[in-house]
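S.K.: So here's coords-v3.json (JSON, C-alpha atoms).
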```json
[["chain", "number", "residue", "atom", "x", "y", "z"],
["A", 1, "MET", "CA", -47.77, 33.38, 5.28],
["A", 2, "SER", "CA", -48.34, 36.51, 7.35],
["A", 3, "ALA", "CA", -44.77, 37.24, 8.45],
["A", 4, "ARG", "CA", -43.72, 40.63, 7.15],
["A", 5, "ARG", "CA", -40.34, 41.25, 5.61],
["A", 6, "GLY", "CA", -38.46, 44.14, 7.16],
["A", 7, "HIS", "CA", -37.73, 47.40, 5.39],
["A", 8, "ILE", "CA", -34.57, 49.48, 4.93],
["A", 9, "PHE", "CA", -34.48, 53.11, 6.12],
["A", 10, "VAL", "CA", -31.35, 55.11, 5.25],
["A", 11, "LEU", "CA", -30.64, 58.36, 7.10],
["A", 12, "SER", "CA", -28.17, 60.96, 5.83],
["A", 13, "ALA", "CA", -27.34, 64.38, 7.24],
["A", 14, "PRO", "CA", -24.55, 66.91, 7.52],
["A", 15, "SER", "CA", -22.41, 66.51, 10.63],
["A", 16, "GLY", "CA", -24.18, 68.28, 13.52],
["A", 17, "ALA", "CA", -27.73, 67.90, 12.17],
["A", 18, "GLY", "CA", -28.71, 65.35, 14.83],
["A", 19, "LYS", "CA", -28.80, 62.13, 12.80],
["A", 20, "SER", "CA", -27.06, 59.97, 15.42],
["A", 21, "SER", "CA", -29.41, 61.16, 18.18],
["A", 22, "LEU", "CA", -32.44, 60.34, 16.02],
["A", 23, "ILE", "CA", -31.13, 56.88, 15.09],
["A", 24, "ASP", "CA", -30.23, 56.05, 18.71],
["A", 25, "ARG", "CA", -33.71, 57.05, 19.86],
["A", 26, "ALA", "CA", -35.43, 55.05, 17.10],
["A", 27, "VAL", "CA", -33.44, 51.94, 18.02],
["A", 28, "ARG", "CA", -34.40, 52.41, 21.71],
["A", 29, "GLU", "CA", -38.06, 53.28, 21.20],
["A", 30, "VAL", "CA", -39.30, 51.56, 18.02],
["A", 31, "PRO", "CA", -39.68, 47.80, 18.44],
["A", 32, "GLY", "CA", -38.14, 45.59, 15.77],
["A", 33, "ILE", "CA", -35.59, 48.00, 14.34],
["A", 34, "TRP", "CA", -31.87, 47.25, 13.97],
["A", 35, "HIS", "CA", -29.07, 49.75, 13.35],
["A", 36, "SER", "CA", -26.91, 48.16, 10.65],
["A", 37, "VAL", "CA", -23.27, 47.39, 11.36],
["A", 38, "SER", "CA", -20.66, 48.27, 8.73],
["A", 39, "ALA", "CA", -17.63, 46.24, 7.72],
["A", 40, "THR", "CA", -14.19, 47.86, 7.62],
["A", 41, "THR", "CA", -10.60, 47.01, 6.78],
["A", 42, "ARG", "CA", -9.22, 49.33, 9.45],
["A", 43, "PRO", "CA", -7.94, 47.69, 12.65],
["A", 44, "PRO", "CA", -10.29, 47.65, 15.65],
["A", 45, "ARG", "CA", -9.86, 50.23, 18.39],
["A", 46, "HIS", "CA", -9.38, 48.79, 21.88],
["A", 47, "TYR", "CA", -13.07, 49.23, 22.88],
["A", 48, "GLU", "CA", -14.61, 47.97, 19.61],
["A", 49, "LYS", "CA", -16.30, 44.58, 19.44],
["A", 50, "GLU", "CA", -16.68, 42.42, 16.32],
["A", 51, "GLY", "CA", -20.25, 42.52, 15.02],
["A", 52, "VAL", "CA", -21.23, 45.30, 17.44],
["A", 53, "HIS", "CA", -19.19, 48.30, 16.26],
["A", 54, "TYR", "CA", -17.97, 46.86, 12.94],
["A", 55, "PHE", "CA", -17.32, 43.63, 11.13],
["A", 56, "PHE", "CA", -13.51, 43.69, 10.81],
["A", 57, "LEU", "CA", -12.29, 42.23, 7.51],
["A", 58, "ASN", "CA", -8.82, 42.06, 6.03],
["A", 59, "PRO", "CA", -8.42, 43.80, 2.64],
["A", 60, "ASP", "CA", -8.52, 40.50, 0.71],
["A", 61, "GLU", "CA", -11.82, 39.49, 2.34],
["A", 62, "PHE", "CA", -13.28, 42.93, 1.67],
["A", 63, "HIS", "CA", -12.30, 42.89, -2.02],
["A", 64, "ALA", "CA", -13.63, 39.34, -2.42],
["A", 65, "ARG", "CA", -16.99, 40.56, -1.09],
["A", 66, "ILE", "CA", -16.97, 43.49, -3.51],
["A", 67, "LYS", "CA", -16.48, 41.04, -6.41],
["A", 68, "ARG", "CA", -19.43, 38.93, -5.14],
["A", 69, "ASN", "CA", -21.65, 42.05, -4.79],
["A", 70, "GLY", "CA", -21.62, 41.36, -1.06],
["A", 71, "PHE", "CA", -22.10, 45.00, -0.02],
["A", 72, "LEU", "CA", -25.18, 47.19, -0.35],
["A", 73, "GLU", "CA", -22.74, 50.11, -0.50],
["A", 74, "TRP", "CA", -19.03, 50.63, 0.06],
["A", 75, "ALA", "CA", -16.39, 53.32, -0.13],
["A", 76, "GLU", "CA", -12.72, 53.92, 0.48],
["A", 77, "VAL", "CA", -11.98, 56.53, 3.15],
["A", 78, "PHE", "CA", -8.38, 57.58, 3.81],
["A", 79, "GLY", "CA", -7.04, 54.24, 2.57],
["A", 80, "ASP", "CA", -9.45, 52.05, 4.56],
["A", 81, "HIS", "CA", -12.59, 50.46, 3.15],
["A", 82, "TYR", "CA", -16.05, 50.62, 4.70],
["A", 83, "GLY", "CA", -19.22, 48.92, 3.54],
["A", 84, "THR", "CA", -22.63, 47.58, 4.56],
["A", 85, "PRO", "CA", -22.67, 43.76, 4.27],
["A", 86, "ALA", "CA", -25.77, 42.65, 2.35],
["A", 87, "ASP", "CA", -25.99, 39.26, 4.11],
["A", 88, "ALA", "CA", -26.24, 40.78, 7.62],
["A", 89, "VAL", "CA", -28.96, 43.19, 6.46],
["A", 90, "ASP", "CA", -30.87, 40.45, 4.61],
["A", 91, "ARG", "CA", -30.91, 38.17, 7.68],
["A", 92, "ARG", "CA", -32.57, 40.96, 9.69],
["A", 93, "LEU", "CA", -35.05, 41.79, 6.92],
["A", 94, "GLU", "CA", -36.04, 38.13, 6.51],
["A", 95, "ALA", "CA", -36.62, 37.92, 10.28],
["A", 96, "GLY", "CA", -39.13, 40.76, 9.92],
["A", 97, "GLU", "CA", -36.93, 43.46, 11.43],
["A", 98, "ASP", "CA", -36.56, 46.90, 9.90],
["A", 99, "VAL", "CA", -33.00, 48.07, 9.30],
["A", 100, "ILE", "CA", -31.88, 51.66, 9.83],
["A", 101, "MET", "CA", -28.63, 52.80, 8.22],
["A", 102, "ASP", "CA", -26.50, 55.87, 8.84],
["A", 103, "LEU", "CA", -24.85, 56.72, 5.50],
["A", 104, "ASP", "CA", -23.51, 59.68, 3.56],
["A", 105, "VAL", "CA", -25.28, 60.74, 0.36],
["A", 106, "GLN", "CA", -23.04, 58.58, -1.86],
["A", 107, "GLY", "CA", -23.73, 55.47, 0.25],
["A", 108, "ALA", "CA", -27.46, 56.18, 0.45],
["A", 109, "LEU", "CA", -27.71, 56.44, -3.34],
["A", 110, "GLN", "CA", -25.77, 53.18, -3.76],
["A", 111, "VAL", "CA", -28.28, 51.42, -1.47],
["A", 112, "LYS", "CA", -31.21, 52.92, -3.41],
["A", 113, "ARG", "CA", -29.76, 51.61, -6.69],
["A", 114, "ARG", "CA", -29.39, 48.10, -5.24],
["A", 115, "ARG", "CA", -32.61, 48.15, -3.20],
["A", 116, "PRO", "CA", -35.05, 50.54, -4.90],
["A", 117, "ASP", "CA", -37.69, 49.93, -2.21],
["A", 118, "ALA", "CA", -35.40, 51.39, 0.52],
["A", 119, "THR", "CA", -36.68, 54.62, 2.10],
["A", 120, "LEU", "CA", -34.15, 57.49, 2.13],
["A", 121, "VAL", "CA", -34.53, 60.18, 4.81],
["A", 122, "PHE", "CA", -32.43, 63.35, 4.79],
["A", 123, "ILE", "CA", -32.02, 65.21, 8.11],
["A", 124, "MET", "CA", -31.61, 68.96, 7.65],
["A", 125, "PRO", "CA", -30.44, 71.56, 10.16],
["A", 126, "PRO", "CA", -32.82, 74.54, 10.45],
["A", 127, "SER", "CA", -30.15, 76.69, 8.74],
["A", 128, "LEU", "CA", -26.44, 76.75, 7.98],
["A", 129, "GLU", "CA", -26.06, 79.36, 10.73],
["A", 130, "GLU", "CA", -27.62, 76.99, 13.28],
["A", 131, "LEU", "CA", -25.44, 74.14, 12.02],
["A", 132, "ALA", "CA", -22.33, 76.30, 12.42],
["A", 133, "SER", "CA", -23.43, 77.18, 15.96],
["A", 134, "ARG", "CA", -23.93, 73.49, 16.85],
["A", 135, "LEU", "CA", -20.51, 72.54, 15.46],
["A", 136, "ARG", "CA", -18.81, 75.37, 17.35],
["A", 137, "LYS", "CA", -20.59, 74.44, 20.61],
["A", 138, "ARG", "CA", -19.07, 70.97, 20.41],
["A", 139, "GLY", "CA", -15.67, 72.62, 20.82],
["A", 140, "ALA", "CA", -14.03, 69.61, 19.20],
["A", 141, "GLU", "CA", -12.67, 71.10, 15.96],
["A", 142, "THR", "CA", -10.68, 73.99, 14.61],
["A", 143, "GLU", "CA", -12.46, 76.81, 12.81],
["A", 144, "ASP", "CA", -10.87, 75.65, 9.54],
["A", 145, "ARG", "CA", -12.39, 72.14, 9.94],
["A", 146, "ILE", "CA", -15.77, 73.65, 10.84],
["A", 147, "LEU", "CA", -15.71, 75.76, 7.66],
["A", 148, "ARG", "CA", -14.87, 72.65, 5.61],
["A", 149, "ARG", "CA", -17.76, 70.77, 7.27],
["A", 150, "LEU", "CA", -20.12, 73.64, 6.42],
["A", 151, "ALA", "CA", -19.01, 73.64, 2.77],
["A", 152, "ARG", "CA", -19.61, 69.88, 2.63],
["A", 153, "ALA", "CA", -22.99, 70.35, 4.35],
["A", 154, "GLU", "CA", -24.07, 72.73, 1.57],
["A", 155, "GLU", "CA", -23.10, 70.12, -1.06],
["A", 156, "GLU", "CA", -25.00, 67.38, 0.80],
["A", 157, "MET", "CA", -28.10, 69.52, 1.37],
["A", 158, "ALA", "CA", -28.20, 70.34, -2.35],
["A", 159, "GLN", "CA", -28.91, 66.63, -2.95],
["A", 160, "ARG", "CA", -31.84, 66.33, -0.53],
["A", 161, "SER", "CA", -34.34, 66.22, -3.42],
["A", 162, "LEU", "CA", -33.00, 62.71, -4.20],
["A", 163, "TYR", "CA", -34.45, 61.50, -0.87],
["A", 164, "ASP", "CA", -37.96, 60.20, -0.17],
["A", 165, "HIS", "CA", -38.36, 62.37, 2.97],
["A", 166, "VAL", "CA", -36.68, 65.47, 4.39],
["A", 167, "ILE", "CA", -36.89, 66.23, 8.12],
["A", 168, "VAL", "CA", -35.78, 69.63, 9.41],
["A", 169, "ASN", "CA", -34.33, 69.06, 12.88],
["A", 170, "GLU", "CA", -35.09, 72.31, 14.65],
["A", 171, "ASP", "CA", -36.48, 70.50, 17.70],
["A", 172, "LEU", "CA", -35.20, 66.96, 18.39],
["A", 173, "ASP", "CA", -38.51, 65.66, 19.80],
["A", 174, "ALA", "CA", -40.50, 66.97, 16.82],
["A", 175, "ALA", "CA", -37.92, 65.58, 14.37],
["A", 176, "TYR", "CA", -38.06, 62.20, 16.11],
["A", 177, "ARG", "CA", -41.88, 62.12, 15.91],
["A", 178, "GLU", "CA", -41.56, 62.73, 12.15],
["A", 179, "LEU", "CA", -39.05, 59.90, 11.78],
["A", 180, "ALA", "CA", -41.18, 57.51, 13.87],
["A", 181, "ALA", "CA", -44.22, 58.42, 11.74],
["A", 182, "ILE", "CA", -42.27, 57.60, 8.55],
["A", 183, "ILE", "CA", -41.20, 54.21, 9.96],
["A", 184, "ASN", "CA", -44.64, 53.34, 11.34],
["A", 185, "GLY", "CA", -46.37, 54.66, 8.22],
["A", 186, "HIS", "CA", -44.34, 52.30, 6.10],
["A", 187, "ARG", "CA", -45.11, 49.41, 8.43],
["A", 188, "GLY", "CA", -48.83, 50.17, 8.10],
["A", 189, "LYS", "CA", -48.57, 50.09, 4.30],
["A", 190, "ALA", "CA", -46.67, 46.80, 4.44],
["A", 191, "GLY", "CA", -49.35, 45.22, 6.59],
["A", 192, "GLY", "CA", -47.15, 45.06, 9.67],
["A", 193, "GLY", "CA", -47.59, 46.90, 12.93],
["A", 194, "ALA", "CA", -45.28, 48.71, 15.30]]
```
Represent the structure of the file as structure tokens.
M.R.:
Amino acid sequence: MSARRGHIFVLSAPSGAGKSSLIDRAVREVPGIWHSVSATTRPPRHYEKEGVHYFFLNPDEFHARIKRNGFLEWAEVFGDHYGTPADAVDRRLEAGEDVIMDLDVQGALQVKRRRPDATLVFIMPPSLEELASRLRKRGAETEDRILRRLARAEEEMAQRSLYDHVIVNEDLDAAYRELAAIINGHRGKAGGGA
């Protein structure tokens, strides 16, 4: 049988490094790639659609899935639970689609433990100074929150050696070409084409 099984790519980055822009572009421009949808116990916001933004589960359903090893990764954040449902990812992989995930370092390492063949990609800002400048330009947060984000960014960047690839996002187009090359390079190794 010649049908290829899809592959998991996990992207992590400090806030402001450009991860969401890179993922959005990959989903638009690379055929056969799906951005995974997380499950959560928090209530949906008015604009959120089931299966598009999140899979909304009640706490009992979420905990039952944890007991069945139904998540590739999960975490509790401010009293709500978030996780990546294994069954949704596996359906896409079996259909030959690649899956791209947007996870923090903890989540990425959980996925790697459960799926050792997953490819982890860390997106770096050119420098902490540039990251600080990007966060300040957003104008969305207080200086105190920006400083906390920068401290967290340093902790996250210290773990980049645990990743298979590191992309420095100084120029979004160049960073995207690197990401696309990683995805297509893996497809070439797997015998599939982009």
S.K.: Which residues of range 27-85 of chain A sit at most 10 Å from range 168-186 of chain A, using all atoms listed in the file? Give each one's shortest atom pair and distance in Å (one decimal place), in chain and ascending residue order, as a tab-separated table.
M.R.:
```
residue	atom	partner	partner_atom	distance
A:Glu29	CA	A:Ala180	CA	9.0
A:Val30	CA	A:Ala180	CA	7.5
A:Ile33	CA	A:Ile183	CA	9.4
```
S.K.: I'd like to know which of A:Leu162, A:Ile167, A:Leu57, A:Ala86 is closest to Val105 in chain A, using only C-alpha atoms.
M.R.: A:Leu162
S.K.: Find the residue from A:Gly139, A:Gly51, A:Gly96, A:Pro85 that sits nearest to Ala3 in chain A; use all atoms listed in the file when measuring.
M.R.: A:Gly96
S.K.: For Phe56 in chain A, work out the shell of residues within 10 Å, counting only C-alpha atoms and skipping chain neighbours fewer than 2 positions away, then give it as a PyMOL selection string.
M.R.: chain A and resi 38-44+48-51+53-54+58-59+61-62+82
S.K.: If you measure from CA of Val77 in chain A to CA of Arg65 in chain A, what distance in Å do you get, rounded to one decimal?
M.R.: 17.3 Å
S.K.: List as a PyMOL selection string the protein and nucleic acid residues near Thr119 in chain A, meaning an atom at most 7 Å away when only C-alpha atoms are counted, but skip any in the same chain fewer than 6 places from it.
M.R.: chain A and resi 8-10+164
S.K.: When you count only C-alpha atoms, which of these residues is closest to Ser20 in chain A: A:Glu97, A:His35, A:Glu76, A:Phe55?
M.R.: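 Smallest distance to Ser20 in chain A is found for A:His35.
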S.K.: Within 8 Å of Gly6 in chain A, counting all atoms listed in the file, which residues qualify if same-chain residues fewer than 3 places away don't, as a list in words?
M.R.: Arg92, Leu93, Glu94, Ala95, Gly96, Glu97, Asp98 and Val99 of chain A
S.K.: Take the residues from that selection and write them out as a PDB file, in the coordinates of the input, keeping C-alpha atoms.
M.R.:
```pdb
ATOM      1  CA  ARG A  92     -32.570  40.960   9.690  1.00  0.00           C
ATOM      2  CA  LEU A  93     -35.050  41.790   6.920  1.00  0.00           C
ATOM      3  CA  GLU A  94     -36.040  38.130   6.510  1.00  0.00           C
ATOM      4  CA  ALA A  95     -36.620  37.920  10.280  1.00  0.00           C
ATOM      5  CA  GLY A  96     -39.130  40.760   9.920  1.00  0.00           C
ATOM      6  CA  GLU A  97     -36.930  43.460  11.430  1.00  0.00           C
ATOM      7  CA  ASP A  98     -36.560  46.900   9.900  1.00  0.00           C
ATOM      8  CA  VAL A  99     -33.000  48.070   9.300  1.00  0.00           C
TER       9      VAL A  99
END
```
S.K.: Out of A:Ala17, A:Ala75, A:Val89, A:Ile146, which residue has the shortest atom-to-atom distance to Met101 in chain A when counting all atoms listed in the file?
M.R.: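 For Met101 in chain A, the nearest of the candidates is A:Val89.
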S.K.: So which one's closest to Ile123 in chain A, A:Arg28, A:Arg145, A:Lys19, A:His63? Using only C-alpha atoms, please.
M.R.: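 For Ile123 in chain A, the nearest of the candidates is A:Lys19.
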S.K.: Find the residues around Leu11 in chain A up to 8 Å (all atoms listed in the file counted), leave out those fewer than 4 positions away in its own chain, and share them as a ChimeraX atom specification.
M.R.: /A:19,100-103,108,120-123
S.K.: Check the smallest atom-to-atom distance from each of A:Val111, A:Val52, A:Met124, A:Ile23 to Val166 in chain A using only C-alpha atoms, then report the winner.
M.R.: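 For Val166 in chain A, the nearest of the given residues is A:Met124.
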S.K.: What does the structure give for the distance between CA of Pro126 in chain A and CA of Arg148 in chain A, in Å to one decimal?
M.R.: 18.7 Å
S.K.: For the point (-22.6, 70.5, 10.6) in the file's frame, write as an mmCIF file with C-alpha atoms, keeping the file's coordinate frame all residues with an atom no more than 10 Å away, counting all atoms listed in the file.
M.R.:
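Saved file part.cif follows:
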```cif
data_model
loop_
_atom_site.group_PDB
_atom_site.id
_atom_site.type_symbol
_atom_site.label_atom_id
_atom_site.label_comp_id
_atom_site.auth_asym_id
_atom_site.auth_seq_id
_atom_site.Cartn_x
_atom_site.Cartn_y
_atom_site.Cartn_z
ATOM 1 C CA ALA A 13 -27.340 64.380 7.240
ATOM 2 C CA PRO A 14 -24.550 66.910 7.520
ATOM 3 C CA SER A 15 -22.410 66.510 10.630
ATOM 4 C CA GLY A 16 -24.180 68.280 13.520
ATOM 5 C CA ALA A 17 -27.730 67.900 12.170
ATOM 6 C CA GLY A 18 -28.710 65.350 14.830
ATOM 7 C CA MET A 124 -31.610 68.960 7.650
ATOM 8 C CA PRO A 125 -30.440 71.560 10.160
ATOM 9 C CA SER A 127 -30.150 76.690 8.740
ATOM 10 C CA LEU A 128 -26.440 76.750 7.980
ATOM 11 C CA GLU A 129 -26.060 79.360 10.730
ATOM 12 C CA GLU A 130 -27.620 76.990 13.280
ATOM 13 C CA LEU A 131 -25.440 74.140 12.020
ATOM 14 C CA ALA A 132 -22.330 76.300 12.420
ATOM 15 C CA SER A 133 -23.430 77.180 15.960
ATOM 16 C CA ARG A 134 -23.930 73.490 16.850
ATOM 17 C CA LEU A 135 -20.510 72.540 15.460
ATOM 18 C CA ARG A 136 -18.810 75.370 17.350
ATOM 19 C CA ILE A 146 -15.770 73.650 10.840
ATOM 20 C CA LEU A 147 -15.710 75.760 7.660
ATOM 21 C CA ARG A 148 -14.870 72.650 5.610
ATOM 22 C CA ARG A 149 -17.760 70.770 7.270
ATOM 23 C CA LEU A 150 -20.120 73.640 6.420
ATOM 24 C CA ALA A 151 -19.010 73.640 2.770
ATOM 25 C CA ARG A 152 -19.610 69.880 2.630
ATOM 26 C CA ALA A 153 -22.990 70.350 4.350
ATOM 27 C CA GLU A 154 -24.070 72.730 1.570
#
```
